[in-house]
Amino acid sequence: MVRGLPRLREPERFAPWLFTIARRTVADHVRQMYRAPQTTEVGTDDVAAADGLGDVLTALEIEAGLSGLPPLEREVLILFHLEDLPLAACAEVVGVPPGTVKSRLHRARRMLRDVLVERGYEA
(Lines give C-alpha, C1' and ligand atoms only; values in the text may rest on other atoms or scores of the structure.)
Protein backbone atom coordinates (compact mmCIF):
# COMPACT_ATOMS: atom_id res chain seq x y z
CA MET A 1 0.00 0.00 0.00
CA VAL A 2 2.64 2.54 1.00
CA ARG A 3 4.78 1.66 -2.00
CA GLY A 4 2.30 3.41 -4.32
CA LEU A 5 2.25 6.63 -2.29
CA PRO A 6 5.14 8.31 -4.17
CA ARG A 7 3.25 7.77 -7.44
CA LEU A 8 0.24 9.71 -6.14
CA ARG A 9 0.49 12.95 -8.12
CA GLU A 10 -2.71 14.61 -6.93
CA PRO A 11 -2.77 15.00 -3.12
CA GLU A 12 -6.52 15.73 -3.12
CA ARG A 13 -7.06 12.17 -4.37
CA PHE A 14 -5.35 10.64 -1.32
CA ALA A 15 -8.61 9.81 0.50
CA PRO A 16 -10.21 7.99 -2.46
CA TRP A 17 -6.93 6.17 -3.08
CA LEU A 18 -6.68 5.08 0.55
CA PHE A 19 -10.35 4.04 0.76
CA THR A 20 -10.03 2.01 -2.44
CA ILE A 21 -7.12 0.10 -0.92
CA ALA A 22 -9.01 -0.36 2.35
CA ARG A 23 -12.12 -1.52 0.48
CA ARG A 24 -10.19 -4.14 -1.44
CA THR A 25 -8.43 -5.30 1.73
CA VAL A 26 -11.74 -5.68 3.56
CA ALA A 27 -13.28 -7.51 0.60
CA ASP A 28 -10.34 -9.92 0.59
CA HIS A 29 -10.73 -10.44 4.34
CA VAL A 30 -14.47 -11.11 4.03
CA ARG A 31 -13.84 -13.63 1.25
CA GLN A 32 -11.31 -15.39 3.51
CA MET A 33 -13.84 -15.50 6.35
CA TYR A 34 -16.49 -17.08 4.14
CA ARG A 35 -14.06 -19.70 2.91
CA ALA A 36 -13.11 -20.82 6.43
CA PRO A 37 -16.03 -20.25 8.79
CA GLN A 38 -15.01 -20.05 12.43
CA THR A 39 -17.15 -20.37 15.49
CA THR A 40 -16.47 -17.67 18.00
CA GLU A 41 -18.43 -16.51 20.97
CA VAL A 42 -19.11 -12.82 21.12
CA GLY A 43 -19.42 -11.32 24.58
CA THR A 44 -22.07 -8.71 25.25
CA ASP A 45 -21.37 -5.48 27.05
CA ASP A 46 -24.05 -3.79 29.09
CA VAL A 47 -24.28 -0.18 28.04
CA ALA A 48 -26.35 2.01 30.34
CA ALA A 49 -28.05 5.10 28.99
CA ALA A 50 -27.52 7.13 32.16
CA ASP A 51 -26.74 10.36 30.34
CA GLY A 52 -30.38 11.31 29.68
CA LEU A 53 -30.03 11.24 25.91
CA GLY A 54 -32.80 8.69 25.36
CA ASP A 55 -33.86 10.17 22.01
CA VAL A 56 -30.37 10.18 20.52
CA LEU A 57 -29.16 7.00 18.86
CA THR A 58 -25.91 5.66 20.23
CA ALA A 59 -23.04 4.58 18.05
CA LEU A 60 -23.91 0.96 18.86
CA GLU A 61 -27.49 1.46 17.69
CA ILE A 62 -26.35 3.09 14.46
CA GLU A 63 -23.83 0.30 13.93
CA ALA A 64 -26.56 -2.27 14.48
CA GLY A 65 -28.74 -0.45 11.95
CA LEU A 66 -25.91 -0.35 9.43
CA SER A 67 -25.33 -4.07 9.86
CA GLY A 68 -28.88 -4.59 8.59
CA LEU A 69 -28.07 -2.96 5.24
CA PRO A 70 -26.76 -4.72 2.13
CA PRO A 71 -23.00 -4.17 1.60
CA LEU A 72 -23.30 -1.80 -1.40
CA GLU A 73 -25.68 0.56 0.37
CA ARG A 74 -23.79 0.37 3.67
CA GLU A 75 -20.52 1.18 1.92
CA VAL A 76 -21.70 4.42 0.29
CA LEU A 77 -23.50 5.52 3.45
CA ILE A 78 -20.33 5.10 5.50
CA LEU A 79 -18.09 6.77 2.94
CA PHE A 80 -20.39 9.75 2.43
CA HIS A 81 -21.77 10.38 5.92
CA LEU A 82 -19.23 8.92 8.32
CA GLU A 83 -16.02 9.50 6.38
CA ASP A 84 -17.24 12.81 4.88
CA LEU A 85 -16.06 12.00 1.38
CA PRO A 86 -17.61 14.06 -1.42
CA LEU A 87 -19.88 12.29 -3.88
CA ALA A 88 -17.24 12.17 -6.62
CA ALA A 89 -14.69 10.61 -4.25
CA CYS A 90 -17.23 8.00 -3.11
CA ALA A 91 -17.88 7.16 -6.76
CA GLU A 92 -14.17 6.78 -7.38
CA VAL A 93 -13.69 4.53 -4.35
CA VAL A 94 -16.53 2.15 -5.20
CA GLY A 95 -15.89 2.32 -8.94
CA VAL A 96 -19.33 3.48 -10.08
CA PRO A 97 -20.68 6.74 -11.57
CA PRO A 98 -21.75 9.52 -9.15
CA GLY A 99 -25.39 9.01 -10.15
CA THR A 100 -25.19 5.42 -8.93
CA VAL A 101 -23.75 6.62 -5.62
CA LYS A 102 -26.68 9.05 -5.29
CA SER A 103 -29.13 6.23 -5.91
CA ARG A 104 -27.41 3.96 -3.41
CA LEU A 105 -27.33 6.76 -0.82
CA HIS A 106 -31.04 7.40 -1.22
CA ARG A 107 -31.82 3.71 -0.95
CA ALA A 108 -29.42 3.26 2.00
CA ARG A 109 -30.98 6.12 3.98
CA ARG A 110 -34.46 4.70 3.43
CA MET A 111 -33.34 1.20 4.35
CA LEU A 112 -31.50 2.42 7.47
CA ARG A 113 -34.60 4.28 8.60
CA ASP A 114 -36.71 1.15 8.04
CA VAL A 115 -34.24 -1.05 9.95
CA LEU A 116 -34.13 1.36 12.89
CA VAL A 117 -37.93 1.75 12.98
CA GLU A 118 -38.26 -2.05 12.89
CA ARG A 119 -35.97 -2.23 15.92
CA GLY A 120 -38.12 0.21 17.83
CA TYR A 121 -36.55 3.59 17.09
CA GLU A 122 -38.76 6.40 15.85
CA ALA A 123 -38.16 7.89 12.42
# chains A, B, ... in the order shown; residues from 1 in each chain; ligands from 1
>>> residues_around(residues="range 91-108 of chain A", least_positions_apart="2", cutoff="6 Å", atoms="only C-alpha atoms", output="PyMOL selection string")
chain A and resi 16+20+73+77+88-89+110-112
>>> atom_distance(atom1="CA of Ala15 in chain A", atom2="CA of Glu83 in chain A")
9.5 Å
>>> atom_distance(atom1="CA of Glu63 in chain A", atom2="CA of Val76 in chain A")
14.4 Å
>>> residues_around(residues="Ile62 in chain A", least_positions_apart="3", cutoff="12 Å", atoms="only C-alpha atoms", output="list in words")
Val56, Leu57, Thr58, Ala59, Gly65, Leu66, Ser67, Gly68, Leu69, Arg74, Leu77, Ile78, Leu82, Arg109, Leu112, Arg113, Val115, Leu116, Val117, Arg119 and Tyr121 of chain A
